[in-house]
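These notes concern the structure reproduced below.
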2 protein chains.
Amino acid sequence: MNMEQHIAEMAARAGAACRDIALASTAAKNLVLGDVARLLREGKTSIQAENGKDLVVGREKNLSAPMLDRLALNDAVFDAMICGVEEVCALPDPIGGIAAMTRRPNGLSVGRMRVPLGVVAMIYESRPNVTIDAAALCLKAGNGVILRGGSEAINSNLALAGVLKQALSNNQIDPDCVQVVDTTDRKAIEILLQQEDAIDLVIPRGGEGLIRFVSHNSRIPVLKHYKGVCHIYVDKDADLSTATPIILNSKTQRPGVCNALEGLLVHSSVAGAFLPVIGDAFTRAGVTMAGCEKTRALYPGAEAATAEDWGTEWLSLKLCVKVVESLEEAEAYIARYGSHHTESIITENYTTAQAFLAGVDASAVMVNASTRFNDGGQLGLGAEIGISTTKLHAYGPMGLEELTTQKFIVYGSGQVRE
Amino acid sequence: MNMEQHIAEMAARAGAACRDIALASTAAKNLVLGDVARLLREGKTSIQAENGKDLVVGREKNLSAPMLDRLALNDAVFDAMICGVEEVCALPDPIGGIAAMTRRPNGLSVGRMRVPLGVVAMIYESRPNVTIDAAALCLKAGNGVILRGGSEAINSNLALAGVLKQALSNNQIDPDCVQVVDTTDRKAIEILLQQEDAIDLVIPRGGEGLIRFVSHNSRIPVLKHYKGVCHIYVDKDADLSTATPIILNSKTQRPGVCNALEGLLVHSSVAGAFLPVIGDAFTRAGVTMAGCEKTRALYPGAEAATAEDWGTEWLSLKLCVKVVESLEEAEAYIARYGSHHTESIITENYTTAQAFLAGVDASAVMVNASTRFNDGGQLGLGAEIGISTTKLHAYGPMGLEELTTQKFIVYGSGQVRE
């Protein structure tokens with residue numbers, strides 16, 4: 001069997017089996033997840049041994065230290081993975097919920113019932129724990145899942161998928177609901193992305209290169225974000241004592257992630273008072289500023305920003321700083337250089353806050369809060385499978401509900417259309 | 001300027017202008033729609049003259065009678081178009097609504113604000129009234145719109161688009177919010193479908209060929225349905241006197257549309273009583289049956305169904321009829337031959353009704369009602385821009401709300417992430 005047939009059959013098997021998990025009761029799905037957690041605990045040593053094989057190959061291939069770090073299923077990562085499954089198990093089941101039931105003039109009762117999407121394909125890079133995190137969310141939401149992790153994690157991923165399939169079998173649910181692409185050939189991704197009759201959604205997680213590759217080759221809807229170029233605007237009516245801790249937290253609490261701060265905009269009427277303060281705070285925290293001319297005039301420690309700096313996703317202890325003359329200029333800058341991810345304003349002015357919330361186009365828009373809160377757990381979704389900066393279906397963190405859809409249901413009593 | 005540049009600039013202009021309509025107040029948007037209705041009334045004669053040019057060319061090109069019929073903006077179609085704009089004007093504005101505001105343990109208030117999608121591209125065939133119907137919905141939902149109608153309707157569409165642009169200008173909203181692809185070259189569609197940075201959603205309306213072409217060539221999300229292969233299942237516990245009018249209405253009220261009935265499934269325990277009744281009713285209504293062997297044994301007037309007949313979208317006074325042994329067999333048949341559009345059960349049994357509603361995967365699932373009710377107006381959406389049988393973002397009729405998305409908004413008071 002060639003690879004095209006192999007991948008197409010895998011997708012078709014998931015498509016046929018997913019009805020089993022779609023119609024499973026909440027209790028049955030929770031038993032599966034409980035078994036996943038138990039089997040992970042019991043199989044820890046042998047799964048870590050498989051992970052060890054991947055690490056040996058990774059070192060032989062001279063993978064970078066951060067890549068090896070992401071690849072390692074050490075005790076902390078392993079235990080967090082088990083904990084994550086138990087958290088998903090405890091979340092309310094969205095399936096079957098009926099929203100907005102209304103009565104039509106002809107007596108029809110019309111509502112929308114929340115139902116699974118069908119089959120979700122996850123395409124991700126080195127972290128093998130995504131195999132469990134993503135599958136737990138997909139299964140709880142009643143979906144089949146096709147997992148295509150990084151080739152460097154293939155032994156880890158196959159071991160983890162074995163746990164998922166065993167837990168399904170233990171509870172009389174077709175284990176074909178979970179499929180792992182067992183070839184490391186990248187061609188397999190291209191073939192997978194053509195299986196539009198069997199797969200309902202593709203979620204890529206990883207670097208911008210992988211995400212663009214998936215997006216450009218897919219016939220199936222893709223939920224994604226390319227990058228996070230997040231800003232904070234310090235308004236003329238900001239409480240400057242609030243501003244400093246929020247900005248430092250946004251920039252330094254975890255600089256390598258997508259909701260970290262990459263650009264600071266300061267209103268000119270407070271720039272003289274604020275830039276020296278935040279500049280010194282940045283310096284103490286090891287943060288480098290790439291500033292506009294006005295910024296450098298007020299804080300000479302800032303480097304001169306080049307034209308290419310504006311809109312850069314630094315992912316490190318560096319950021320752009322620009323003095324602006326108005327809310328409108330701040331919004332226009334964000335519209336030009338932002339990535340529709342996370343934008344925050346610091347202000348005590350009611351009208352300005354409302355205007356910023358309504359006028360800025362981003363998956364999360366905040367007032368007087370750290371950009372680091374744009375996260376499914378932090379925003380109350382319980383867990384997240386990713387963040388979408390495209391607007392269809394989901395905009396922002398995606399949790400269980402975003403892995404479902406709604407169909408119309410109609411209760412009639414013999415109605416016909418006139 | 002070549003066509004690539006021309007289309008790319010058109011999309012970019014819509015992308016830049018759409019902020020104007022996105023931030024427009026409900027009152028301002030309603031003034032625009034009021035002006036559209038008024039200008040259509042005032043310009044009726046001259047617009048119909050432009051439509052006359054298209055009809056002349058159409059006749060010269062030997063377009064079929066149904067195509068010429070769809071192309072004609074006669075008085076009835078014209079007045080219905082004006083009426084449609086006034087109905088959209090009267091609908092509640094979804095923009096700015098905030099759902100599910102909750103307080104997090106750290107005091108952050110988190111909600112989801114309904115916002116426009118951005119720019120919607122409509123790609124449609126001969127009916128020029130879609131130009132106004134679609135634009136009215138897109139503008140009310142705060143979106144820019146790019147209209148690419150059929151080449152045979154180009155003069156009509158340009159005249160109608162002139163009304164839209166004039167109404168925007170009258171109310172100080174950038175008329176670039178509405179763009180009409182003014183070339184009839186099909187290559188323009190291909191180029192349009194690559195403008196993923198400027199366009200947020202593509203909605204094709206027309207024959208299956210157009211929709212497949214759009215779907216296969218688009219880098220932008222597409223909401224669509226290919227076809228409607230709708231079924232009614234007459235359960236063993238059906239009230240047979242209810243079944244007949246529902247089935248006749250579903251099949252004959254308007255046989256050429258996507259929510260018309262194409263297949264009838266009858267439980268074997270009522271087939272003996274019911275098939276002669278419905279068979280005679282079909283015969284009187286001019287409906288031809290393509291039946292399974294059991295159907296033909298009970299109603300010899302039915303033709304023998306061929307293997308290719310099952311799952312056919314007849315769009316005419318013909319349908320498939322099959323006797324099944326159980327609800328499960330009916331559901332399996334629907335899963336195999338249905339198109340995820342509309343499925344209805346006739347039953348008085350509570351448990352069977354609930355099982356059908358939960359177990360059938362279609363954009364609308366009904367009990368004791370005609371399939372013809374799967375329509376935005378009938379289901380209470382006010383108006384519809386199309387029906388989606390894909391599950392992302394919208395599943396079923398799409399109204400104003402489906403032309404929007406939700407972003408997260410966060411009210412903080414200085415919170416930082418631990």
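Residue numbering restarts at 1 in every chain; chains get A, B, ... in the order shown in the structure tokens, and ligands count up from 1 in that same order.
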Could you give me the residues within stretch 95-142 of chain B that DSSP places in strand (DSSP E), as a PyMOL selection string?
chain B and resi 98-103+109-116+119-124
Now that the selection is made, can you save its residues with N, CA and C atoms as a PDB file, in the first residue's frame?
```pdb
ATOM      1  N   ILE B  98     -22.288  41.736  24.076  1.00  0.00           N
ATOM      2  CA  ILE B  98     -21.254  41.059  24.877  1.00  0.00           C
ATOM      3  C   ILE B  98     -21.905  39.875  25.577  1.00  0.00           C
ATOM      4  N   ALA B  99     -21.360  38.697  25.312  1.00  0.00           N
ATOM      5  CA  ALA B  99     -21.947  37.468  25.847  1.00  0.00           C
ATOM      6  C   ALA B  99     -21.113  36.947  26.999  1.00  0.00           C
ATOM      7  N   ALA B 100     -21.784  36.380  27.964  1.00  0.00           N
ATOM      8  CA  ALA B 100     -21.122  35.533  28.953  1.00  0.00           C
ATOM      9  C   ALA B 100     -19.996  36.252  29.685  1.00  0.00           C
ATOM     10  N   MET B 101     -20.257  37.446  30.192  1.00  0.00           N
ATOM     11  CA  MET B 101     -19.232  38.156  30.976  1.00  0.00           C
ATOM     12  C   MET B 101     -19.096  37.443  32.318  1.00  0.00           C
ATOM     13  N   THR B 102     -17.888  37.008  32.620  1.00  0.00           N
ATOM     14  CA  THR B 102     -17.689  36.302  33.886  1.00  0.00           C
ATOM     15  C   THR B 102     -16.529  36.925  34.648  1.00  0.00           C
ATOM     16  N   ARG B 103     -16.526  36.722  35.965  1.00  0.00           N
ATOM     17  CA  ARG B 103     -15.463  37.220  36.822  1.00  0.00           C
ATOM     18  C   ARG B 103     -14.498  36.085  37.129  1.00  0.00           C
ATOM     19  N   SER B 109     -12.657  40.729  34.654  1.00  0.00           N
ATOM     20  CA  SER B 109     -13.956  40.442  34.040  1.00  0.00           C
ATOM     21  C   SER B 109     -13.707  40.097  32.582  1.00  0.00           C
ATOM     22  N   VAL B 110     -14.165  38.913  32.159  1.00  0.00           N
ATOM     23  CA  VAL B 110     -13.873  38.410  30.820  1.00  0.00           C
ATOM     24  C   VAL B 110     -15.186  38.170  30.076  1.00  0.00           C
ATOM     25  N   GLY B 111     -15.308  38.736  28.892  1.00  0.00           N
ATOM     26  CA  GLY B 111     -16.500  38.510  28.074  1.00  0.00           C
ATOM     27  C   GLY B 111     -16.129  38.351  26.617  1.00  0.00           C
ATOM     28  N   ARG B 112     -17.144  38.135  25.789  1.00  0.00           N
ATOM     29  CA  ARG B 112     -16.914  38.016  24.354  1.00  0.00           C
ATOM     30  C   ARG B 112     -17.793  39.037  23.645  1.00  0.00           C
ATOM     31  N   MET B 113     -17.143  39.924  22.900  1.00  0.00           N
ATOM     32  CA  MET B 113     -17.859  40.986  22.202  1.00  0.00           C
ATOM     33  C   MET B 113     -18.042  40.604  20.733  1.00  0.00           C
ATOM     34  N   ARG B 114     -19.279  40.766  20.244  1.00  0.00           N
ATOM     35  CA  ARG B 114     -19.557  40.416  18.862  1.00  0.00           C
ATOM     36  C   ARG B 114     -19.051  41.535  17.947  1.00  0.00           C
ATOM     37  N   VAL B 115     -18.233  41.158  16.972  1.00  0.00           N
ATOM     38  CA  VAL B 115     -17.585  42.125  16.078  1.00  0.00           C
ATOM     39  C   VAL B 115     -17.716  41.637  14.637  1.00  0.00           C
ATOM     40  N   PRO B 116     -17.580  42.547  13.673  1.00  0.00           N
ATOM     41  CA  PRO B 116     -17.673  42.127  12.268  1.00  0.00           C
ATOM     42  C   PRO B 116     -16.530  41.183  11.901  1.00  0.00           C
ATOM     43  N   VAL B 119     -14.044  41.607   5.806  1.00  0.00           N
ATOM     44  CA  VAL B 119     -14.474  41.696   4.407  1.00  0.00           C
ATOM     45  C   VAL B 119     -14.994  40.323   3.958  1.00  0.00           C
ATOM     46  N   VAL B 120     -16.180  40.314   3.382  1.00  0.00           N
ATOM     47  CA  VAL B 120     -16.787  39.088   2.875  1.00  0.00           C
ATOM     48  C   VAL B 120     -16.815  39.157   1.350  1.00  0.00           C
ATOM     49  N   ALA B 121     -16.346  38.125   0.694  1.00  0.00           N
ATOM     50  CA  ALA B 121     -16.443  38.052  -0.769  1.00  0.00           C
ATOM     51  C   ALA B 121     -17.596  37.127  -1.136  1.00  0.00           C
ATOM     52  N   MET B 122     -18.549  37.659  -1.903  1.00  0.00           N
ATOM     53  CA  MET B 122     -19.680  36.862  -2.397  1.00  0.00           C
ATOM     54  C   MET B 122     -19.398  36.506  -3.851  1.00  0.00           C
ATOM     55  N   ILE B 123     -19.460  35.233  -4.171  1.00  0.00           N
ATOM     56  CA  ILE B 123     -19.257  34.793  -5.556  1.00  0.00           C
ATOM     57  C   ILE B 123     -20.503  34.022  -5.962  1.00  0.00           C
ATOM     58  N   TYR B 124     -21.232  34.573  -6.946  1.00  0.00           N
ATOM     59  CA  TYR B 124     -22.555  34.022  -7.234  1.00  0.00           C
ATOM     60  C   TYR B 124     -22.800  34.008  -8.725  1.00  0.00           C
TER      61      TYR B 124
END
```
Based on DSSP run over this structure's backbone, return all residues of stretch 87-301 of chain A in alpha helix (DSSP H), as a ChimeraX atom specification.
/A:87-90,129-140,154-170,187-192,208-217,240-252,268-285,293-298
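Contacts from chain A to chain B at a cut-off of 6 Å (only C-alpha atoms) map to Thr242, Ile246, Ser363, Ala364, Val365, Met366, Val367, Asn368, Ala369, Ser370, Leu392, His393, Tyr395, Lys407, Phe408, Ile409, Val410, Tyr411, Gly412, Ser413, Gly414, Gln415 and Val416 of chain A.
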If you count only C-alpha atoms, which residues fall within 7 Å of A:Val324, apart from same-chain ones fewer than 2 positions away, as number ranges by chain?
A: 265-268, 322, 326, 329-330
File of the preceding selection, N, CA and C atoms, as a JSON list (two decimals), in the first residue's frame:
```
[["chain", "number", "residue", "atom", "x", "y", "z"],
["A", 265, "LEU", "N", 3.44, 51.55, 23.37],
["A", 265, "LEU", "CA", 3.08, 52.86, 22.83],
["A", 265, "LEU", "C", 2.75, 53.76, 24.02],
["A", 266, "VAL", "N", 3.33, 54.97, 24.03],
["A", 266, "VAL", "CA", 3.14, 55.86, 25.17],
["A", 266, "VAL", "C", 2.64, 57.21, 24.67],
["A", 267, "HIS", "N", 1.56, 57.70, 25.28],
["A", 267, "HIS", "CA", 1.02, 59.01, 24.88],
["A", 267, "HIS", "C", 2.03, 60.10, 25.23],
["A", 268, "SER", "N", 2.18, 61.06, 24.31],
["A", 268, "SER", "CA", 3.23, 62.08, 24.49],
["A", 268, "SER", "C", 3.05, 62.88, 25.77],
["A", 322, "LYS", "N", 7.38, 53.44, 21.26],
["A", 322, "LYS", "CA", 7.06, 54.58, 20.40],
["A", 322, "LYS", "C", 6.16, 55.55, 21.15],
["A", 326, "SER", "N", -1.96, 60.37, 20.17],
["A", 326, "SER", "CA", -3.40, 60.19, 20.42],
["A", 326, "SER", "C", -3.76, 58.71, 20.45],
["A", 329, "GLU", "N", -3.79, 57.45, 16.90],
["A", 329, "GLU", "CA", -2.48, 57.06, 16.37],
["A", 329, "GLU", "C", -2.07, 55.68, 16.92],
["A", 330, "ALA", "N", -2.37, 55.46, 18.20],
["A", 330, "ALA", "CA", -2.06, 54.15, 18.79],
["A", 330, "ALA", "C", -2.84, 53.04, 18.07]]
```
Would you list the contacts of A:Phe78 as an MDAnalysis selection string, taking every protein, DNA or RNA residue within 8 Å and counting only C-alpha atoms, but skipping same-chain residues closer than 4 positions in sequence?
chainID A and resid 44 73:74 82 129
Nearest to A:Ala28 among A:Gly107, A:Gly142, A:Gly301, A:Gly97, with distances taken over only C-alpha atoms: which residue is it?
A:Gly142
Rounded to one decimal place, report the atom CA of B:Ala24-atom CA of B:Ala167 distance in Å.
13.8 Å
If you count only C-alpha atoms, which residues fall within 12 Å of B:Gln48, apart from same-chain ones fewer than 3 positions away, as a list in words?
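Result of the neighbour search: Leu40, Arg41, Glu42, Gly43, Lys44, Thr45, Asn51, Gly52, Lys53, Asp54, Leu55, Leu71, Ala72, Leu73, Asn74, Asp75, Ala76, Val77, Phe78, Asp79, Pro128, Asn129, Ala153, Asn155, Ser156, Asn157, Leu158, Ala159 and Leu160 of chain B.
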Rounded to one decimal, what separation in Å do you get between atom CA of A:Gly58 and atom CA of A:Arg127?
12.8 Å
Name the residues in contact with A:Val36 at a cut-off of 12 Å, using only C-alpha atoms, excluding same-chain residues fewer than 5 positions from it; report them as a ChimeraX atom specification.
/A:29-31,41-44,81-86,88-89,131-133,135-136,139,160-171
Nearest to B:Val202 among B:Leu147, B:Cys18, B:Ala238, B:Leu91, with distances taken over only C-alpha atoms: which residue is it?
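Smallest separation from B:Val202 among the options: B:Leu147.
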Between atom CA of A:Gly228 and atom CA of A:Ser339, what distance in Å does the model show, to one decimal?
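Atom CA of A:Gly228 sits 5.8 Å away from atom CA of A:Ser339.
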Nearest candidate to B:Ala134 (options B:Gln194, B:Pro204, B:Ala281, B:Ala188; using only C-alpha atoms):
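Smallest separation from B:Ala134 among the options: B:Pro204.
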Spatial neighbours of B:Glu87, max dist 12 Å, only C-alpha atoms, sep filter under 5 positions, as a ChimeraX atom specification
/B:30,33-34,37,80-82,92,133,136-137,140,377,381-384,400
